[in-house]
Amino acid sequence: MSQTLATYNIKGGVGKTSAAANLAYLAAAGGARTLLWDLDPQGASTFLFRIRPHVKGGGGKLVRGKSNVAKRIKGTDHDRLDLLPTDFSYRHMDLALDAAKKPTRRLKRVLAPIATDYDYVFLDCPPSISLVSESVFEAADALLVPVIPATLSSRTYEQLRGVVAAEAAGGPKVLAFFSMLDRRKVLHRDVVEQLPREHPGLLRTAIPTAADVERMGLHRTVLEEFAPRGRAARAYRDLWSEIGERLDDGAG
Amino acid sequence: MAAGAEYLLPEGLDLGTVDALLAGRLDIECERVRAGRRTFYDTFDGRLHAKGLVLVHEELRFALREGARERAGIAHPEKAPERLVVDDLPEGPLRAALAPLCGVRALQATASVRGRRRLLRVLDGERKTVVRLVAEEATLSRNGSGPGATLRPRLHVEPVRGYAKALKRVRGTLEGDLGLVAATEPLHDEAVWRAGGAPGGVSSKVALASAPDLRADRAAAELATRLVAVIEANLPGTLAEIDSEFLHDLRVAVRRTRSLQRELRSVFPPAPLVHFRAEFRWLQQATGPTRDLDVYLDELEGSADLAPLRAVLAEHRVRERAAMVRALRSPRTQRLLEEWSTFVRRMPDAPRAARDDALRPIAALAAERIARVYKRLVRMGAAIDEASAPEALHDLRKKGKELRYLLEFFAPLFPGPAVGPMVTSLKALQDTLGRFQDREVQAGLLRQLSDEVAQREGGGAALMAMGVLAQRLDRDRARARAEFAARFGAFAAPGQRARLRETFR
């Protein structure tokens, strides 16, 4: 059975897609059969892997179980890494879920038939709190939450923990990490110092803000492919190995 | 998903120039040439091959592939081993995929190639790879002495999931525009047979491949020769202890040989046959105790209390195995196999005196034997009641094996729908009888070993656990005994008998 990991944050622009793409790549490069499902109608992951943003029948049909998920999957340019693309129809995903029975179970249902084909399924989620995110909480074994070390981001992290804790037991682990860290900023340094004291569960690895990450869109590929020695690529490698440890040790 | 393919590269083309061949026809991006070694694995009987799978060690990892698609893989940052036992693999998808396929069988390296590969990516308008082409030159790694053979250079077409149309287009270009010819076998199959192996593995099944009107003594000779081949094929793996299935298959071939000798005795010259029957009997007895202990150790549960018993059994097995290895390596075994082969080969020319059935068509003789053994089995079974001694069931089981082997030998001579149901009901009956006997033998062995185990450290607790185990064995034995009537009833049912009369007349 595969493990489902969702990069998620209520806020946008915090490095979700970058994390999903780079971590999924690292998982596959390490030998795991990996699927990345781009759930964000903006389609940044789909674009990064050079795949056409088109889903036959649209995302709504897919989540309602009216479309064969295995046929919608595309191979990327990398061994063992596949992608389930998004398209613009995904902007109506909430409506599609709302019209379905047991909407919060839909994503999990869609993934069930391919669970044995993959070791990891990454969900790259749109920013929001909605039926989509509730469905993600239901499907995911862990949420990978990028947190910008600024006051507001920290607050949303606390909100998120609240939301997930309010769900029934057996919900996903919340694995948060600092993202877009700029050590030149006093506020960032302070938050990085302070927040782990209040939340010892935070991951140790922080992803720095780096030009490499922005250049991913230009190269249309992951960091390992064009800047493997850069700070950001190194940080993602550390992050992936730390996530691996946390998934193994069973602690939430 | 659409299938990939392997094409032979035309003569004179190498990895440096293959892109020139495709230029102008496909939008290609070439990667640099990579050199490396690949080692292929399968079980002795080709279980992966039968499922269309290949296990390969390459770039310090194992990968289980179905065509170009990887089903499961795991890092193995060491040299490719000669053999691999699934239980030794770490828990994970690869082990989970292999375990049900391999069972107790070890995976052995079947061939190893040293090669140079170059990846050519076929791109779409977004510069996304939609098909992978891998040009490959490979040489068989040296196998003993002498240089390794060079395999025909190939172009592998590997589909990318979700790009079936592009794949079709690329294959059209390769076949239509460039006239490339599809390879008749995958590279690993060519590597295996060139290394002297059989790509599909070595089967231990033996059935008559000839026509129904073949002379009975020639048919017997054909079967006997193939059984000797099975014994010889399984001998090295038995001696090297690669897995326990080698000894099992060797023993089955010996038992089948003995059945053949007994059931078709009227085609053999009688005096030499007496000698060979005695010798094969000896061979079967020489291998029996090791096999019994293999089964016992395999079935013994993992409870810690039973560790002293396990140790005692393992020691017994070491002793029994040493004796068996001596017997199998002895001139007596070698002589037996050689003389028996020569004897059956020459048999059709032997005097016909006292070989009453030698010239009859095999189908007629086989049908007669099958009908007779079946009737005998039904008579023996019908005589068994609640009060019968265990020996009656043991004898019935032996007779059942005889029938099973006859049906297997001669199945191709008779209509499948007649043989199939009989084999099925016979198998069910034999399973029950087998369980009955195994449990009895195992419980007996427990009692026999109790003194020895008691003297070991932890012997007290082990005796207690053995008591529980013996009780369980007895219960299972009683269950098998209770099942017998129903199983036998199905086997001896009137429908079955009617089919028998119709088919084996």
# chains A, B, ... in the order shown; residues from 1 in each chain; ligands from 1
$ residues_around --residues "stretch 38-44 of chain A" --least-positions-apart "5" --cutoff "7 Å" --atoms "only C-alpha atoms" --output "list in words"
Thr17, Pro53, Leu84, Pro85, Thr86, Asp87, Phe88, Ser89, Tyr90, Arg91, Leu123, Asp124, Cys125 and Pro126 of chain A
$ write_last_selection --atoms "C-alpha atoms" --output "mmCIF file, in the first residue's frame"
data_model
loop_
_atom_site.group_PDB
_atom_site.id
_atom_site.type_symbol
_atom_site.label_atom_id
_atom_site.label_comp_id
_atom_site.auth_asym_id
_atom_site.auth_seq_id
_atom_site.Cartn_x
_atom_site.Cartn_y
_atom_site.Cartn_z
ATOM 1 C CA THR A 17 4.452 23.046 -5.325
ATOM 2 C CA PRO A 53 -2.777 20.600 -18.449
ATOM 3 C CA LEU A 84 -1.746 12.977 -12.503
ATOM 4 C CA PRO A 85 -2.193 16.338 -14.197
ATOM 5 C CA THR A 86 -4.628 19.072 -13.395
ATOM 6 C CA ASP A 87 -6.524 21.367 -15.689
ATOM 7 C CA PHE A 88 -8.665 24.439 -15.300
ATOM 8 C CA SER A 89 -11.739 22.345 -14.488
ATOM 9 C CA TYR A 90 -10.161 21.705 -11.091
ATOM 10 C CA ARG A 91 -11.280 25.212 -10.032
ATOM 11 C CA LEU A 123 -0.868 15.519 -3.389
ATOM 12 C CA ASP A 124 -0.069 19.061 -4.401
ATOM 13 C CA CYS A 125 -3.029 20.924 -2.919
ATOM 14 C CA PRO A 126 -4.543 24.298 -3.698
#
$ residues_around --residues "A:Lys185" --least-positions-apart "3" --cutoff "12 Å" --atoms "only C-alpha atoms" --output "list in words"
Ile148, Pro149, Ala150, Met180, Leu181, Asp182, His188, Arg189, Asp190, Val191, Val192, Pro208 and Thr209 of chain A
$ closest_atom_pairs --of "chain B" --to "chain A" --cutoff "10 Å" --atoms "only C-alpha atoms" --output "Markdown table"
| residue | atom | partner | partner_atom | distance |
| --- | --- | --- | --- | --- |
| B:Met1 | CA | A:Lys71 | CA | 8.5 |
| B:Arg61 | CA | A:Gly31 | CA | 8.6 |
| B:Phe62 | CA | A:Gly31 | CA | 9.6 |
| B:Ala63 | CA | A:Gly31 | CA | 9.1 |
| B:Arg69 | CA | A:Arg80 | CA | 8.5 |
| B:Glu70 | CA | A:Arg80 | CA | 7.4 |
| B:Arg71 | CA | A:Asp117 | CA | 7.8 |
| B:Ala72 | CA | A:Arg33 | CA | 7.4 |
| B:Gly73 | CA | A:Gly31 | CA | 6.2 |
| B:Ile74 | CA | A:Gly31 | CA | 6.1 |
| B:Ala75 | CA | A:Gly31 | CA | 7.0 |
| B:Gly92 | CA | A:Asp119 | CA | 9.3 |
| B:Pro93 | CA | A:Asp119 | CA | 7.8 |
| B:Arg121 | CA | A:Asp77 | CA | 8.9 |
| B:Leu123 | CA | A:Asp77 | CA | 9.9 |
| B:Asp124 | CA | A:Arg50 | CA | 9.4 |
| B:Gly125 | CA | A:Arg50 | CA | 9.4 |
| B:Glu126 | CA | A:Arg50 | CA | 5.9 |
| B:Arg127 | CA | A:Arg50 | CA | 7.1 |
| B:Lys128 | CA | A:Arg50 | CA | 5.5 |
| B:Thr129 | CA | A:Asp77 | CA | 5.6 |
| B:Val130 | CA | A:Asp77 | CA | 8.0 |
| B:Val131 | CA | A:Asp77 | CA | 9.3 |
| B:Arg132 | CA | A:Asp77 | CA | 9.1 |
| B:Pro159 | CA | A:Gly75 | CA | 8.9 |
| B:Val160 | CA | A:Gly75 | CA | 5.2 |
| B:Arg161 | CA | A:Gly75 | CA | 4.5 |
| B:Gly162 | CA | A:Lys74 | CA | 4.5 |
| B:Tyr163 | CA | A:Lys74 | CA | 7.3 |
$ write_last_selection --atoms "N, CA and C atoms" --output "compact mmCIF listing (two decimals), in the first residue's frame"
# COMPACT_ATOMS: atom_id res chain seq x y z
N MET B 1 -1.45 -0.43 -20.65
CA MET B 1 -0.48 0.47 -21.27
C MET B 1 0.06 -0.19 -22.54
N ARG B 61 21.27 -1.63 -7.84
CA ARG B 61 19.95 -1.89 -7.32
C ARG B 61 19.33 -3.08 -8.05
N PHE B 62 18.36 -3.70 -7.35
CA PHE B 62 17.57 -4.75 -7.97
C PHE B 62 16.29 -4.12 -8.48
N ALA B 63 15.87 -4.54 -9.67
CA ALA B 63 14.59 -4.06 -10.17
C ALA B 63 13.85 -5.24 -10.78
N ARG B 69 8.61 -1.44 -17.76
CA ARG B 69 8.05 -0.89 -16.54
C ARG B 69 8.60 -1.59 -15.31
N GLU B 70 8.98 -0.79 -14.33
CA GLU B 70 9.50 -1.38 -13.10
C GLU B 70 8.33 -1.66 -12.16
N ARG B 71 8.20 -2.91 -11.75
CA ARG B 71 7.13 -3.27 -10.81
C ARG B 71 7.54 -2.94 -9.39
N ALA B 72 8.81 -3.20 -9.05
CA ALA B 72 9.32 -2.91 -7.71
C ALA B 72 10.84 -2.93 -7.78
N GLY B 73 11.45 -2.26 -6.84
CA GLY B 73 12.91 -2.24 -6.84
C GLY B 73 13.45 -1.94 -5.46
N ILE B 74 14.76 -2.15 -5.31
CA ILE B 74 15.37 -1.84 -4.04
C ILE B 74 16.87 -1.64 -4.25
N ALA B 75 17.45 -0.70 -3.49
CA ALA B 75 18.89 -0.45 -3.61
C ALA B 75 19.65 -1.67 -3.11
N GLY B 92 9.51 -4.94 1.93
CA GLY B 92 9.25 -3.84 1.00
C GLY B 92 8.57 -4.37 -0.24
N PRO B 93 8.31 -3.48 -1.19
CA PRO B 93 7.55 -3.88 -2.38
C PRO B 93 8.23 -5.00 -3.18
N ARG B 121 15.90 10.44 -25.98
CA ARG B 121 14.54 10.82 -25.60
C ARG B 121 13.82 11.41 -26.80
N LEU B 123 10.98 13.77 -27.95
CA LEU B 123 10.32 14.88 -27.27
C LEU B 123 9.07 15.34 -28.01
N ASP B 124 8.16 15.97 -27.24
CA ASP B 124 7.01 16.61 -27.88
C ASP B 124 7.26 18.12 -27.94
N GLY B 125 6.24 18.87 -28.31
CA GLY B 125 6.39 20.31 -28.45
C GLY B 125 6.81 21.03 -27.17
N GLU B 126 6.49 20.44 -26.03
CA GLU B 126 6.85 21.04 -24.74
C GLU B 126 8.25 20.60 -24.31
N ARG B 127 8.97 19.88 -25.16
CA ARG B 127 10.27 19.28 -24.85
C ARG B 127 10.12 18.25 -23.72
N LYS B 128 8.98 17.63 -23.68
CA LYS B 128 8.71 16.58 -22.70
C LYS B 128 9.01 15.25 -23.36
N THR B 129 9.62 14.32 -22.62
CA THR B 129 9.90 13.00 -23.15
C THR B 129 8.60 12.22 -23.29
N VAL B 130 8.33 11.74 -24.47
CA VAL B 130 7.09 10.96 -24.67
C VAL B 130 7.38 9.49 -24.98
N VAL B 131 8.59 9.19 -25.43
CA VAL B 131 9.04 7.81 -25.63
C VAL B 131 10.53 7.80 -25.33
N ARG B 132 10.99 6.72 -24.73
CA ARG B 132 12.43 6.57 -24.54
C ARG B 132 12.94 5.50 -25.48
N PRO B 159 7.91 2.69 -23.54
CA PRO B 159 6.80 3.65 -23.51
C PRO B 159 6.88 4.54 -22.27
N VAL B 160 6.34 5.73 -22.40
CA VAL B 160 6.12 6.58 -21.22
C VAL B 160 4.63 6.56 -20.98
N ARG B 161 4.26 6.34 -19.76
CA ARG B 161 2.84 6.20 -19.44
C ARG B 161 2.03 7.40 -19.93
N GLY B 162 0.92 7.09 -20.55
CA GLY B 162 0.03 8.17 -20.96
C GLY B 162 0.35 8.74 -22.34
N TYR B 163 1.32 8.18 -23.05
CA TYR B 163 1.69 8.70 -24.37
C TYR B 163 1.64 7.59 -25.42
$ residues_around --residues "stretch 423-433 of chain B" --least-positions-apart "6" --cutoff "8 Å" --atoms "only C-alpha atoms" --output "list of chain:residue names"
B:Leu393, B:His394, B:Arg397, B:Gly400, B:Lys401, B:Arg404, B:Leu407, B:Ala480, B:Arg481, B:Glu483, B:Phe484, B:Arg487, B:Phe488, B:Ala490, B:Phe491
$ write_last_selection --atoms "C-alpha atoms" --output "CSV table (one decimal), in the first residue's frame"
chain,number,residue,atom,x,y,z
B,393,LEU,CA,-4.5,-45.3,4.3
B,394,HIS,CA,-0.8,-45.2,3.7
B,397,ARG,CA,-1.8,-43.0,-0.8
B,400,GLY,CA,-2.8,-42.9,-5.6
B,401,LYS,CA,0.6,-41.5,-6.4
B,404,ARG,CA,-1.4,-39.6,-10.5
B,407,LEU,CA,-2.2,-39.7,-15.6
B,480,ALA,CA,-7.8,-35.5,7.9
B,481,ARG,CA,-9.0,-39.0,8.8
B,483,GLU,CA,-12.3,-35.9,5.8
B,484,PHE,CA,-11.2,-39.1,4.1
B,487,ARG,CA,-12.8,-37.1,-0.4
B,488,PHE,CA,-12.8,-40.7,-1.4
B,490,ALA,CA,-15.9,-37.7,-4.7
B,491,PHE,CA,-13.0,-39.6,-6.3
$ residues_around --residues "B:Phe40" --least-positions-apart "4" --cutoff "8 Å" --atoms "only C-alpha atoms" --output "PyMOL selection string"
chain B and resi 54-57+109-112+188
$ residues_around --residues "B:Val468" --least-positions-apart "4" --cutoff "12 Å" --atoms "only C-alpha atoms" --output "list in words"
Ser303, Asp305, Leu306, Ala443, Leu446, Arg447, Ala461, Ala462, Leu463, Met464, Arg472, Leu473, Asp474 and Arg475 of chain B
$ write_last_selection --atoms "N, CA and C atoms" --output "JSON list (two decimals), in the first residue's frame"
[["chain", "number", "residue", "atom", "x", "y", "z"],
["B", 303, "SER", "N", 7.71, -20.23, 17.28],
["B", 303, "SER", "CA", 7.69, -19.93, 18.71],
["B", 303, "SER", "C", 9.07, -20.16, 19.35],
["B", 305, "ASP", "N", 9.91, -20.98, 22.31],
["B", 305, "ASP", "CA", 10.02, -22.16, 23.17],
["B", 305, "ASP", "C", 10.52, -23.38, 22.40],
["B", 306, "LEU", "N", 10.24, -23.39, 21.10],
["B", 306, "LEU", "CA", 10.59, -24.57, 20.31],
["B", 306, "LEU", "C", 12.03, -24.53, 19.78],
["B", 443, "ALA", "N", 4.23, -36.30, 14.47],
["B", 443, "ALA", "CA", 3.95, -36.52, 15.89],
["B", 443, "ALA", "C", 4.87, -37.62, 16.43],
["B", 446, "LEU", "N", 8.27, -36.25, 17.05],
["B", 446, "LEU", "CA", 8.30, -35.43, 18.27],
["B", 446, "LEU", "C", 8.54, -36.31, 19.48],
["B", 447, "ARG", "N", 7.80, -37.41, 19.55],
["B", 447, "ARG", "CA", 7.92, -38.30, 20.70],
["B", 447, "ARG", "C", 9.32, -38.90, 20.74],
["B", 461, "ALA", "N", 10.79, -26.12, 28.84],
["B", 461, "ALA", "CA", 9.77, -25.32, 28.16],
["B", 461, "ALA", "C", 9.50, -25.91, 26.77],
["B", 462, "ALA", "N", 10.56, -26.39, 26.13],
["B", 462, "ALA", "CA", 10.39, -26.94, 24.78],
["B", 462, "ALA", "C", 9.51, -28.18, 24.81],
["B", 463, "LEU", "N", 9.71, -29.03, 25.84],
["B", 463, "LEU", "CA", 8.89, -30.24, 25.95],
["B", 463, "LEU", "C", 7.42, -29.89, 26.09],
["B", 464, "MET", "N", 7.19, -28.84, 26.90],
["B", 464, "MET", "CA", 5.81, -28.39, 27.09],
["B", 464, "MET", "C", 5.22, -27.99, 25.73],
["B", 472, "ARG", "N", -1.75, -30.78, 18.67],
["B", 472, "ARG", "CA", -2.29, -30.13, 17.48],
["B", 472, "ARG", "C", -2.13, -31.05, 16.25],
["B", 473, "LEU", "N", -0.98, -31.68, 16.16],
["B", 473, "LEU", "CA", -0.74, -32.60, 15.04],
["B", 473, "LEU", "C", -1.75, -33.74, 15.06],
["B", 474, "ASP", "N", -1.98, -34.27, 16.26],
["B", 474, "ASP", "CA", -2.95, -35.36, 16.39],
["B", 474, "ASP", "C", -4.34, -34.93, 15.97],
["B", 475, "ARG", "N", -4.69, -33.68, 16.39],
["B", 475, "ARG", "CA", -6.02, -33.18, 16.03],
["B", 475, "ARG", "C", -6.15, -33.05, 14.51]]
$ residues_around --residues "stretch 189-196 of chain B" --least-positions-apart "2" --cutoff "7 Å" --atoms "only C-alpha atoms" --output "count of residues only"
9
$ atom_distance --atom1 "atom CA of A:Ala140" --atom2 "atom CA of A:Ile243"
14.2 Å
$ decode --residues "stretch 85-137 of chain A" --atoms "C-alpha atoms" --output "short mmCIF file (atom, residue, chain, number, x, y, z; two decimals), in the first residue's frame"
data_model
loop_
_atom_site.label_atom_id
_atom_site.label_comp_id
_atom_site.auth_asym_id
_atom_site.auth_seq_id
_atom_site.Cartn_x
_atom_site.Cartn_y
_atom_site.Cartn_z
CA PRO A 85 -2.19 16.34 -14.20
CA THR A 86 -4.63 19.07 -13.40
CA ASP A 87 -6.52 21.37 -15.69
CA PHE A 88 -8.67 24.44 -15.30
CA SER A 89 -11.74 22.35 -14.49
CA TYR A 90 -10.16 21.71 -11.09
CA ARG A 91 -11.28 25.21 -10.03
CA HIS A 92 -14.75 23.74 -9.67
CA MET A 93 -13.53 20.80 -7.63
CA ASP A 94 -15.39 21.99 -4.53
CA LEU A 95 -18.67 22.02 -6.43
CA ALA A 96 -17.97 18.59 -7.86
CA LEU A 97 -17.22 17.23 -4.42
CA ASP A 98 -20.24 18.91 -2.93
CA ALA A 99 -22.47 17.17 -5.47
CA ALA A 100 -20.92 13.76 -4.72
CA LYS A 101 -21.86 11.37 -1.97
CA LYS A 102 -19.53 11.40 1.05
CA PRO A 103 -17.48 14.19 -0.52
CA THR A 104 -14.61 14.03 1.96
CA ARG A 105 -13.89 10.42 1.04
CA ARG A 106 -13.73 11.03 -2.70
CA LEU A 107 -9.97 11.55 -3.13
CA LYS A 108 -9.22 8.46 -1.11
CA ARG A 109 -11.65 6.49 -3.27
CA VAL A 110 -10.04 7.73 -6.46
CA LEU A 111 -6.63 6.61 -5.23
CA ALA A 112 -7.74 3.19 -3.97
CA PRO A 113 -7.42 1.28 -7.28
CA ILE A 114 -3.83 2.43 -7.80
CA ALA A 115 -2.69 2.11 -4.18
CA THR A 116 -0.56 -0.94 -4.90
CA ASP A 117 1.05 0.63 -7.98
CA TYR A 118 2.88 3.26 -5.96
CA ASP A 119 4.96 3.49 -2.81
CA TYR A 120 4.26 7.21 -2.41
CA VAL A 121 1.46 9.40 -3.63
CA PHE A 122 2.07 13.15 -3.27
CA LEU A 123 -0.87 15.52 -3.39
CA ASP A 124 -0.07 19.06 -4.40
CA CYS A 125 -3.03 20.92 -2.92
CA PRO A 126 -4.54 24.30 -3.70
CA PRO A 127 -4.43 26.81 -0.86
CA SER A 128 -7.71 27.01 1.04
CA ILE A 129 -9.86 25.42 3.62
CA SER A 130 -12.60 23.77 1.65
CA LEU A 131 -14.13 20.46 0.77
CA VAL A 132 -11.00 19.74 -1.27
CA SER A 133 -8.78 20.16 1.77
CA GLU A 134 -11.10 18.09 3.94
CA SER A 135 -10.95 15.39 1.33
CA VAL A 136 -7.16 15.70 1.36
CA PHE A 137 -7.08 15.29 5.15
#
